[in-house]
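For reference, the structure discussed in these notes is given below.
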Amino acid sequence: MEKSRLQESREKNIPWKKWGPYLSERQWGTVREDYSENGDAWNFFTHDHARSRAYRWGEDGIAGISDDQQNLCFALAFWNGKDPILKERLFGLTNSQGNHGEDVKEYYYYLDSTPTHSYMKYLYKYPQGAFPYEELVRVNGQRTREEMEYELIDTGIFQEDRYFDVFVEYAKGEGPEDILVKISAINRGPEDAELHVLPTLWFRNDWSNWIADSNRAESKPLLAQSKSPKGETSLTASHSKLGEFTLSCEGEVPLLFCENETNHQRLFPGTANESSFAKDGINDYVVYGAEDAVNPEKKGTKASAHYKMTIGPGQTSEVRIRLTKNEVKPKGAAFGKSFDAVFVDRLREADEFYQLVTPSSVSPDQAQVMRQAISGMLWSKQFFFFDGDNWLDEHHSNPLHTGFKNSRNSDWYHMLNRDIISMPDKWEYPWYAAWDLAFHSLPLSIVDPDFAKDQMELMLRPIYLHPNGQMPAYEWNFSDVNPPVHAWASLFLHRVDSAFHGKPDIKFLKATFNKLLINFTWWVNRKDRSGKNVFEGGFLGLDNIGIFDRSAPLPTGGNLEQADGTAWMALFSQNMLELAGELAMDDDSYEEMVVKFVQHFQFIAAAMNKKGNDGMWDEEDGFYYDLLRFPDGRAEKLKVRSLVGLLPLCATTIIEKSQREKVPAAMAAIKENRRRMPELREAMHVTGEGHYGVNERGIVALVDTDKLRRILSRMLDEEEFFGPHGIRSISKYHEKHPYVLNVAGQEFRVDYLPAESNTGMFGGNSNWRGPVWMPVNIMLIRALQQFYLYYGDSFKVECPTGSGNMMNLFEVSKELSSRIIGIFTKDENGKRPVFGGNEKFQNDPHWKDHLLFYEYFHGDNGAGLGASHQTGWTGAVAKLIQIYGLIDPQTFLQGGVKTAFQKGEDILKAEKKRAK
């Protein structure tokens with residue numbers, strides 16, 4: 001049935017995806033809500049303000065859903081009788097409050113979801129004692145960057161299991177706009193405990209004068225209590241564009257109404273409220289007993305059903321809710337046996353769907369990891385609304401106006417974002433990031449190739465892509481630079497889609513290629529300072545990996561020629577030539593573009609592999625380094641052994657014999673170019689006549705056989721990069737041998753830091769100085785597979801270095817993948833490395849199988865670090881599990897990448913047939 005829903009969504013425009021988990025988990029403290037004079041988003045709109053202050057651009061909530069334009073929102077609120085405020089949204093520390101930057105201080109889990117959100121499951125762990133808001137802020141504020149973060153579990157709030165497990169399940173019933181909600185609260189503690197559950201429905205505030213929204217309602221929407229059958233309580237939600245909905249609540253329960261409007265009197269004393277019943281009215285009624293805070297006329301724009309219960313130890317209380325469009329006519333009563341039957345059916349369909357995409361060869365534990373990773377990806381979708389022209393107008397920072405003042409994102413006045421976007425993390429990063437999104441497409445393609453393709457197209461639309469060709473990086477600074485991986489991801493999706501549907505989507509390929517061509521031109525014109533085919537790029541996503549802040553002017557003067565930036569551009573060139581080759585099979589006018597991008601790659605390779613001090617390759621160390629170019633033209637290699645030096649491996653692409661044969665004019669032009677400039681041939685991996693690999697494959701690569709062997713000897717050394725759970729971002733060599741540079745009496749230093757950062761660079765909330773990061777490990781695995789397709793069994797290395805254990809490069813890629821997958825799966829002692837030394841997470845039956853997909857992982861033990869719900873790119877572990885559950889190395893070697901994709905799809909289809 002889930003496959004049918006996806007098909008109906010794609011082919012018949014049945015809106016199965018209209019409702020989903022599109023609500024942010026933090027709207028406060030975001031750039032969109034920042035109207036401060038100094039651009040301090042965190043302190044302008046705080047967590048303490050959030051319950052009382054209407055948002056302009058979006059909404060947030062716990063376990064929430066909304067329609068795809070976020071007109072109408074639904075989420076859960078709770079009160080344990082002891083908290084100082086309702087628990088309406090997740091709490092966390094701001095950038096300045098955390099000793100390692102911002103950090104959510106709650107425990108919640110995305111347990112399940114189908115791609116159409118026909119079934120979803122979420123778990124929130126709510127303490128029974130007063131939530132320690134002040135303690136978390138105070139203790140973390142006292143800790144240094146060298147100390148661990150002070151987490152919620154460290155406060156003792158979960159001692160004796162005095163908490164509620166609140167499971168929230170959604171199921172779609174009679175069509176896309178009939179949504180059933182089941183809330184199950186379990187008392188894990190030893191005594192009776194009080195719990196207030198407040199299912200809450202509200203409209204995003206699009207009626208106030210302070211926001212320009214072309215999609216706004218034609219009149220102010222309304223929630224009002226309505227007549228309901230015996231044993232139920234209901235309200236009607238009326239919106240001029242969305243239509244009318246009924247929220248039905250099982251039982252005769254009080255409904256509390258207020259307005260989704262700011263309480264000016266509380267926040268800005270001396271100013272009047274627009275409404276007598278402000279946004280925090282329900283909070284004040286429940287917590288403080290302020291009866292005049294809610295509307296006695298039972299109407300407004302925000303409403304909660306108020307369930308009060310006392311739950312015995314080990315007991316469960318259940319609340320059942322139904323949100324239905326009025327034109328939909330459910331069969332029978334809103335609740336009862338039919339209600340339960342819908343959940344049984346949707347869960348069964350979800351099980352069947354995941355069985356179809358999960359190889360039968362993977363273990364049950366790996367299958368669970370894969371499903372929760374994908375579910376986290378699907379839960380991390382968010383409605384993102386940002387009108388650059390309007391926002392800059394309000395900040396008096398629009399360059400289209402005279403007398404404007406320059407501010408954040410002033411150059412992005414063309415931008416209009418109003419879409420469902422896959423977010424890195426809906427609390428810590430409730431805004432898209434361009435290169436994150438490319439990696440999101442890998443696991444999303446397993447269950448919803450259409451959505452994955454849509455996400456790739458999104459950043460290339462004219463209302464996202466800057467007129468100069470730059471892709472927006474992320475909300476805090478759209479003009480910063482993320483690695484150019486969209487072409488790589490688009491090529492990946494093209495192959496997945498072709499295998500899935502049996503034919504390529506040429507329209508998608510052409511549209512994507514043509515816009516990426518604009519972006520490629522921006523890179524060449526803006527990030528190659530001297531026109532020498534070496535690239536700078538800035539931080540390039542690797543926040544604090546270098547000795548300097550790469551987005552700031554250098555303390556030495558001059559500029560930084562980046563090995564990673566240049567390698568990314570080499571890969572970009574390769575991906576574009578492959579895309580052009582695919583298109584040339586349908587339209588031979590693209591053959592010239594194949595030649596163009598081969599030339600780009602050759603020139604980049606010649607610049608990067610230049611001999612001597614002007615090149616990035618260090619012959620003595622057998623490694624690539626960034627080049628510090630001084631104002632007088634002198635160059636010095638910055639000898640930090642980091643991912644910067646490993647990324648040149650990733651610029652590796654295989655060209656099949658059949659691909660060459662289909663572009664004869666291009667091949668002739670490339671051959672002539674090599675004849676004219678033989679020095680270009682010397683700067684890259686030798687390929688062509690007499691130098692073909694397995695099955696006459698050609699290779700386009702920065703590193704030749706000798707360089708490859710020397711780099712891999714370091715990468716696979718467990719005392720350098722090869723950690724027990726993946727490739728470290730900086731070599732462990734720097735633990736005992738830090739890299740130090742003195743400039744004008746100031747010391748700059750890089751040490752190996754396997755866990756959190758000890759520097760405030762980029763806010764101090766991410767660390768590329770030792771931990772394992774999923775995206776670059778994925779790229780290195782892909783590189784190993786590409787080299788294997790060329791060399792086959794003729795090239796073997798010690799893995800690990802010094803072990804005497806010789807492996808071909810497919811076996812190395814599989815070993816690396818196994819180490820990464822092993823972060824989440826149980827080891828021989830039943831422990832999951834992701835949980836580190838936390839005994840409750842490791843052993844408690846109510847915690848140990850609920851996974852968190854962190855931003856990055858401890859370089860020595862695999863413990864999760866950084867943003868705890870960055871399922872975004874870490875969710876790519878699902879693709880690793882699937883790939884290595886399907887790929888047979890010999891089939892892969894003989895048939896190549898396309899055959900592997902098709903073979904994998906055939907295996908899954910065969911398993912599906914057997915299952916039937």
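Here's how to read the names in the structure tokens: chain A, B, ... by the order shown, residue numbers from 1 in each chain, ligand numbers from 1 in the order shown.
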- Message: Taking 5 positions as the minimum chain separation for residues in the same chain, which residues sit within 9 Å of Ile282 of chain A when counting only C-alpha atoms? Answer as a ChimeraX atom specification.
- Response: /A:86,256-258,277,287,290,293-294,302-304
Just to be explicit: take each residue in the selection above, keep C-alpha atoms, and write the result as a compact mmCIF listing (two decimals), in the first residue's frame.
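out-v3.txt, written as the output of this step:
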```txt
# COMPACT_ATOMS: atom_id res chain seq x y z
CA LEU A 86 4.20 24.06 30.00
CA LEU A 256 -8.78 25.97 26.08
CA PHE A 257 -8.57 28.81 23.54
CA CYS A 258 -6.28 31.80 23.07
CA PHE A 277 -5.89 36.17 25.20
CA VAL A 287 0.34 26.32 35.34
CA ALA A 290 -5.23 32.17 35.45
CA ALA A 293 -5.99 34.00 30.27
CA VAL A 294 -8.16 31.81 28.00
CA LYS A 302 -4.69 28.44 19.23
CA ALA A 303 -6.48 25.71 21.21
CA SER A 304 -5.64 22.76 23.44
```
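For Pro754 of chain A, the list of residues within 6 Å, based on only C-alpha atoms and with local chain neighbours fewer than 4 positions off taken out, reads Gly770, Pro771, His858 and Gly859 of chain A.
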- Give me every alpha helix (DSSP H) residue in segment 689-810 of chain A, going by DSSP on the backbone, as an NGL selection string. :A and (705-715 or 733-736 or 774-791 or 809-810)
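Reported to one decimal place, the separation of atom CA of Trp435 of chain A from atom CA of Asn482 of chain A is 5.8 Å.
Here atom CA of Phe841 of chain A and atom CA of Glu428 of chain A stand 21.4 Å from one another.
Atom CA of Phe597 of chain A sits 28.2 Å away from atom CA of Ala635 of chain A.
Checking A:Leu437, A:Ala193, A:Leu542, A:Leu560 one by one against Arg529 of chain A, counting only C-alpha atoms, you find the shortest gap at A:Leu560.
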- Item | segment 67-81 of chain A environment, 6 Å, only C-alpha atoms, sequence neighbours closer than 3 positions dropped, as a list in words | Lys18, Trp19, Gly61, Ile62, Ala63, Gly64, Leu86, Lys87, Glu88, Gln128, Glu194, Leu195, His196, Val197, Leu198, Pro199, Thr200, Leu201, Trp202, Phe203 and Arg204 of chain A
- Query: as a ChimeraX atom specification, which residues of segment 67-308 of chain A does DSSP assign to strand (DSSP E or B)?
  - Reply: /A:67,72-79,87,92-93,99,101,103-104,108-113,119-127,163-172,178-187,193-203,222-226,232-239,243-250,255-258,299-300,302-305,307-308
Can you spit out the residues from that selection as a compact mmCIF listing (two decimals), in the first residue's frame, using C-alpha atoms?
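Below is the file that was written, result-v3.txt:
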```txt
# COMPACT_ATOMS: atom_id res chain seq x y z
CA ASP A 67 0.23 21.00 6.20
CA LEU A 72 -2.39 24.75 10.44
CA CYS A 73 -0.16 23.07 13.03
CA PHE A 74 -0.65 20.30 15.56
CA ALA A 75 1.75 19.29 18.35
CA LEU A 76 1.83 18.06 21.95
CA ALA A 77 2.29 20.01 25.16
CA PHE A 78 2.75 18.50 28.63
CA TRP A 79 2.82 19.51 32.28
CA LYS A 87 6.49 21.81 28.02
CA GLY A 92 18.38 23.65 24.77
CA LEU A 93 21.33 25.96 25.27
CA ASN A 99 30.58 25.13 26.65
CA GLY A 101 28.08 25.74 21.48
CA ASP A 103 22.90 21.96 22.31
CA VAL A 104 19.44 20.50 22.80
CA TYR A 108 13.39 12.31 22.01
CA TYR A 109 13.50 9.75 19.23
CA TYR A 110 12.17 9.36 15.69
CA LEU A 111 11.19 5.70 15.78
CA ASP A 112 9.31 5.20 12.53
CA SER A 113 7.92 6.85 9.41
CA TYR A 119 2.42 6.03 9.67
CA MET A 120 4.81 7.80 12.06
CA LYS A 121 6.04 7.13 15.58
CA TYR A 122 7.90 9.42 17.99
CA LEU A 123 9.07 9.00 21.59
CA TYR A 124 9.55 11.80 24.11
CA LYS A 125 10.99 11.13 27.58
CA TYR A 126 9.40 13.61 29.98
CA PRO A 127 10.81 13.86 33.54
CA TYR A 163 9.83 9.90 33.95
CA PHE A 164 7.12 9.28 31.38
CA ASP A 165 7.70 7.57 28.06
CA VAL A 166 5.30 9.41 25.78
CA PHE A 167 4.80 7.64 22.46
CA VAL A 168 3.08 9.64 19.72
CA GLU A 169 1.77 7.78 16.69
CA TYR A 170 0.16 9.15 13.54
CA ALA A 171 -1.79 7.22 10.91
CA LYS A 172 -3.63 8.43 7.83
CA ASP A 178 -7.77 12.24 7.75
CA ILE A 179 -5.09 12.01 10.43
CA LEU A 180 -5.42 9.79 13.48
CA VAL A 181 -3.25 10.47 16.54
CA LYS A 182 -2.57 8.10 19.42
CA ILE A 183 -0.66 9.33 22.49
CA SER A 184 0.46 6.65 24.94
CA ALA A 185 1.99 7.85 28.22
CA ILE A 186 3.77 5.24 30.34
CA ASN A 187 4.86 5.91 33.91
CA ALA A 193 2.51 10.45 38.91
CA GLU A 194 0.46 13.34 37.60
CA LEU A 195 0.52 14.21 33.90
CA HIS A 196 -1.36 16.80 31.88
CA VAL A 197 -1.45 16.08 28.13
CA LEU A 198 -2.47 18.98 25.89
CA PRO A 199 -2.88 18.14 22.20
CA THR A 200 -2.66 21.59 20.62
CA LEU A 201 -3.92 22.95 17.30
CA TRP A 202 -3.07 26.42 16.02
CA PHE A 203 -2.68 28.57 12.93
CA LEU A 222 -10.66 30.69 13.34
CA LEU A 223 -10.74 27.79 15.79
CA ALA A 224 -14.04 27.33 17.61
CA GLN A 225 -15.57 24.61 19.75
CA SER A 226 -18.22 22.72 17.83
CA GLU A 232 -16.25 13.25 22.24
CA THR A 233 -15.16 16.87 22.25
CA SER A 234 -14.45 18.70 19.03
CA LEU A 235 -13.51 22.01 17.49
CA THR A 236 -13.64 23.36 13.95
CA ALA A 237 -10.65 24.94 12.23
CA SER A 238 -11.58 27.32 9.40
CA HIS A 239 -9.01 28.75 7.00
CA GLY A 243 -10.61 24.77 4.14
CA GLU A 244 -12.41 23.45 7.21
CA PHE A 245 -11.12 20.73 9.52
CA THR A 246 -12.50 19.10 12.63
CA LEU A 247 -10.29 18.14 15.54
CA SER A 248 -12.06 15.37 17.47
CA CYS A 249 -10.87 14.43 20.97
CA GLU A 250 -11.97 11.23 22.64
CA LEU A 255 -10.96 22.92 25.39
CA LEU A 256 -8.78 25.97 26.08
CA PHE A 257 -8.57 28.81 23.54
CA CYS A 258 -6.28 31.80 23.07
CA LYS A 299 -12.70 30.46 20.08
CA GLY A 300 -9.32 31.78 18.93
CA LYS A 302 -4.69 28.44 19.23
CA ALA A 303 -6.48 25.71 21.21
CA SER A 304 -5.64 22.76 23.44
CA ALA A 305 -7.62 19.86 24.77
CA TYR A 307 -6.36 15.88 29.61
CA LYS A 308 -5.46 15.47 33.30
```
Determine, counting only C-alpha atoms, which protein, DNA and RNA residues have an atom within 12 Å of an atom of Leu465 of chain A; residues of the same chain fewer than 5 positions away are not included. Present the result as a compact mmCIF listing (two decimals) with C-alpha atoms, in the first residue's frame.
```
# COMPACT_ATOMS: atom_id res chain seq x y z
CA ASP A 411 22.92 40.02 -1.30
CA TRP A 412 20.09 37.50 -1.25
CA TYR A 413 17.10 39.79 -1.84
CA HIS A 414 16.01 37.61 -4.80
CA MET A 415 15.37 34.65 -2.49
CA LEU A 416 11.93 33.23 -1.80
CA ASN A 417 11.94 29.90 0.05
CA ALA A 434 23.53 22.91 0.80
CA MET A 456 18.46 18.29 -5.38
CA GLU A 457 16.52 20.51 -7.77
CA LEU A 458 15.47 22.86 -4.98
CA MET A 459 18.81 24.62 -4.42
CA LEU A 460 19.13 25.15 -8.18
CA GLN A 470 26.23 30.76 -6.14
CA MET A 471 24.27 28.14 -4.23
CA PRO A 472 22.99 29.31 -0.80
CA ALA A 473 25.09 27.77 1.95
CA PHE A 478 23.95 32.25 2.59
CA SER A 479 27.13 33.65 1.01
CA LYS A 515 21.89 24.94 -13.63
CA LEU A 516 24.96 23.22 -12.22
CA LEU A 517 26.85 24.66 -15.18
CA ILE A 518 25.96 28.14 -13.87
CA ASN A 519 27.15 27.16 -10.40
CA TRP A 522 30.61 30.84 -10.31
```
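Within the 6 Å cut-off around segment 158-162 of chain A, using only C-alpha atoms and omitting residues fewer than 2 positions from it on the same chain, the listed residues are Gln128, Gly156, Arg188 and Gly189 of chain A.
For Asp154 of chain A, the non-local neighbours within 12 Å, defined as residues at least 6 positions apart in the same chain or in other chains and counting only C-alpha atoms, are Lys105, Glu106, Pro132, Glu135, Leu136, Val139, Asn140, Met148, Asn838, Glu839 and Lys840 of chain A.
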- Quick one: everything within 12 Å of Phe835 of chain A, counting only C-alpha atoms, minus sequence neighbours fewer than 2 positions away in the same chain. Send it as a VMD selection string. chain A and resid 822 to 827 830 to 833 837 to 844 847 to 854 857 to 858 861 to 865 868
Export N, CA and C atoms of the chosen residues as a compact mmCIF listing (two decimals), in the first residue's frame?
```txt
# COMPACT_ATOMS: atom_id res chain seq x y z
N GLY A 822 29.19 -0.21 12.52
CA GLY A 822 29.39 -0.70 13.88
C GLY A 822 29.25 0.37 14.96
N ILE A 823 29.21 1.65 14.57
CA ILE A 823 28.94 2.70 15.55
C ILE A 823 27.58 2.47 16.20
N PHE A 824 26.62 1.98 15.40
CA PHE A 824 25.22 1.90 15.83
C PHE A 824 24.78 0.50 16.23
N THR A 825 25.45 -0.51 15.73
CA THR A 825 25.03 -1.88 16.01
C THR A 825 25.68 -2.41 17.28
N LYS A 826 25.10 -3.45 17.84
CA LYS A 826 25.61 -4.02 19.08
C LYS A 826 26.91 -4.77 18.83
N ASP A 827 27.87 -4.56 19.74
CA ASP A 827 29.13 -5.30 19.63
C ASP A 827 28.99 -6.65 20.32
N GLY A 830 27.08 -6.67 23.44
CA GLY A 830 25.73 -6.13 23.41
C GLY A 830 25.68 -4.62 23.56
N LYS A 831 26.82 -3.94 23.46
CA LYS A 831 26.89 -2.49 23.62
C LYS A 831 26.90 -1.82 22.24
N ARG A 832 26.32 -0.62 22.19
CA ARG A 832 26.36 0.19 20.97
C ARG A 832 27.38 1.32 21.19
N PRO A 833 28.45 1.35 20.41
CA PRO A 833 29.47 2.40 20.61
C PRO A 833 28.90 3.82 20.60
N GLY A 837 29.96 5.61 27.18
CA GLY A 837 29.94 4.98 28.51
C GLY A 837 28.68 5.22 29.29
N ASN A 838 27.61 5.69 28.65
CA ASN A 838 26.37 5.96 29.38
C ASN A 838 25.63 4.65 29.65
N GLU A 839 25.65 4.23 30.90
CA GLU A 839 25.11 2.92 31.27
C GLU A 839 23.60 2.82 31.02
N LYS A 840 22.88 3.88 31.26
CA LYS A 840 21.43 3.83 31.05
C LYS A 840 21.11 3.63 29.57
N PHE A 841 21.81 4.38 28.73
CA PHE A 841 21.60 4.22 27.29
C PHE A 841 21.98 2.81 26.83
N GLN A 842 23.04 2.27 27.42
CA GLN A 842 23.56 0.97 26.98
C GLN A 842 22.72 -0.21 27.47
N ASN A 843 22.18 -0.11 28.69
CA ASN A 843 21.61 -1.31 29.32
C ASN A 843 20.11 -1.26 29.57
N ASP A 844 19.55 -0.08 29.74
CA ASP A 844 18.14 0.02 30.11
C ASP A 844 17.27 -0.41 28.93
N TRP A 847 15.69 2.25 26.78
CA TRP A 847 16.57 3.23 26.14
C TRP A 847 17.47 2.60 25.07
N LYS A 848 17.94 1.38 25.30
CA LYS A 848 19.08 0.86 24.56
C LYS A 848 18.84 0.62 23.07
N ASP A 849 17.60 0.48 22.64
CA ASP A 849 17.33 0.26 21.22
C ASP A 849 16.74 1.47 20.52
N HIS A 850 16.71 2.60 21.22
CA HIS A 850 16.26 3.86 20.62
C HIS A 850 17.51 4.64 20.24
N LEU A 851 17.72 4.79 18.93
CA LEU A 851 19.00 5.29 18.45
C LEU A 851 18.99 6.79 18.21
N LEU A 852 20.16 7.39 18.39
CA LEU A 852 20.39 8.78 18.05
C LEU A 852 21.49 8.83 16.99
N PHE A 853 21.27 9.63 15.98
CA PHE A 853 22.22 9.72 14.86
C PHE A 853 22.91 11.08 14.92
N TYR A 854 24.03 11.08 15.60
CA TYR A 854 24.72 12.33 15.94
C TYR A 854 25.39 12.97 14.73
N PHE A 857 31.38 11.61 15.51
CA PHE A 857 31.60 10.52 16.46
C PHE A 857 33.05 10.52 16.96
N HIS A 858 33.19 10.14 18.23
CA HIS A 858 34.50 10.12 18.89
C HIS A 858 35.49 9.31 18.06
N ASN A 861 36.48 5.92 20.15
CA ASN A 861 35.53 4.92 20.65
C ASN A 861 34.16 4.96 19.97
N GLY A 862 33.94 5.91 19.06
CA GLY A 862 32.69 5.94 18.29
C GLY A 862 31.51 6.57 18.99
N ALA A 863 31.68 7.12 20.18
CA ALA A 863 30.55 7.73 20.90
C ALA A 863 30.01 8.92 20.12
N GLY A 864 28.69 9.09 20.17
CA GLY A 864 28.05 10.17 19.45
C GLY A 864 28.37 11.53 20.04
N LEU A 865 28.60 12.53 19.17
CA LEU A 865 28.96 13.89 19.59
C LEU A 865 28.25 14.91 18.71
N SER A 868 22.62 15.92 18.39
CA SER A 868 22.21 14.53 18.66
C SER A 868 21.21 13.98 17.66
```
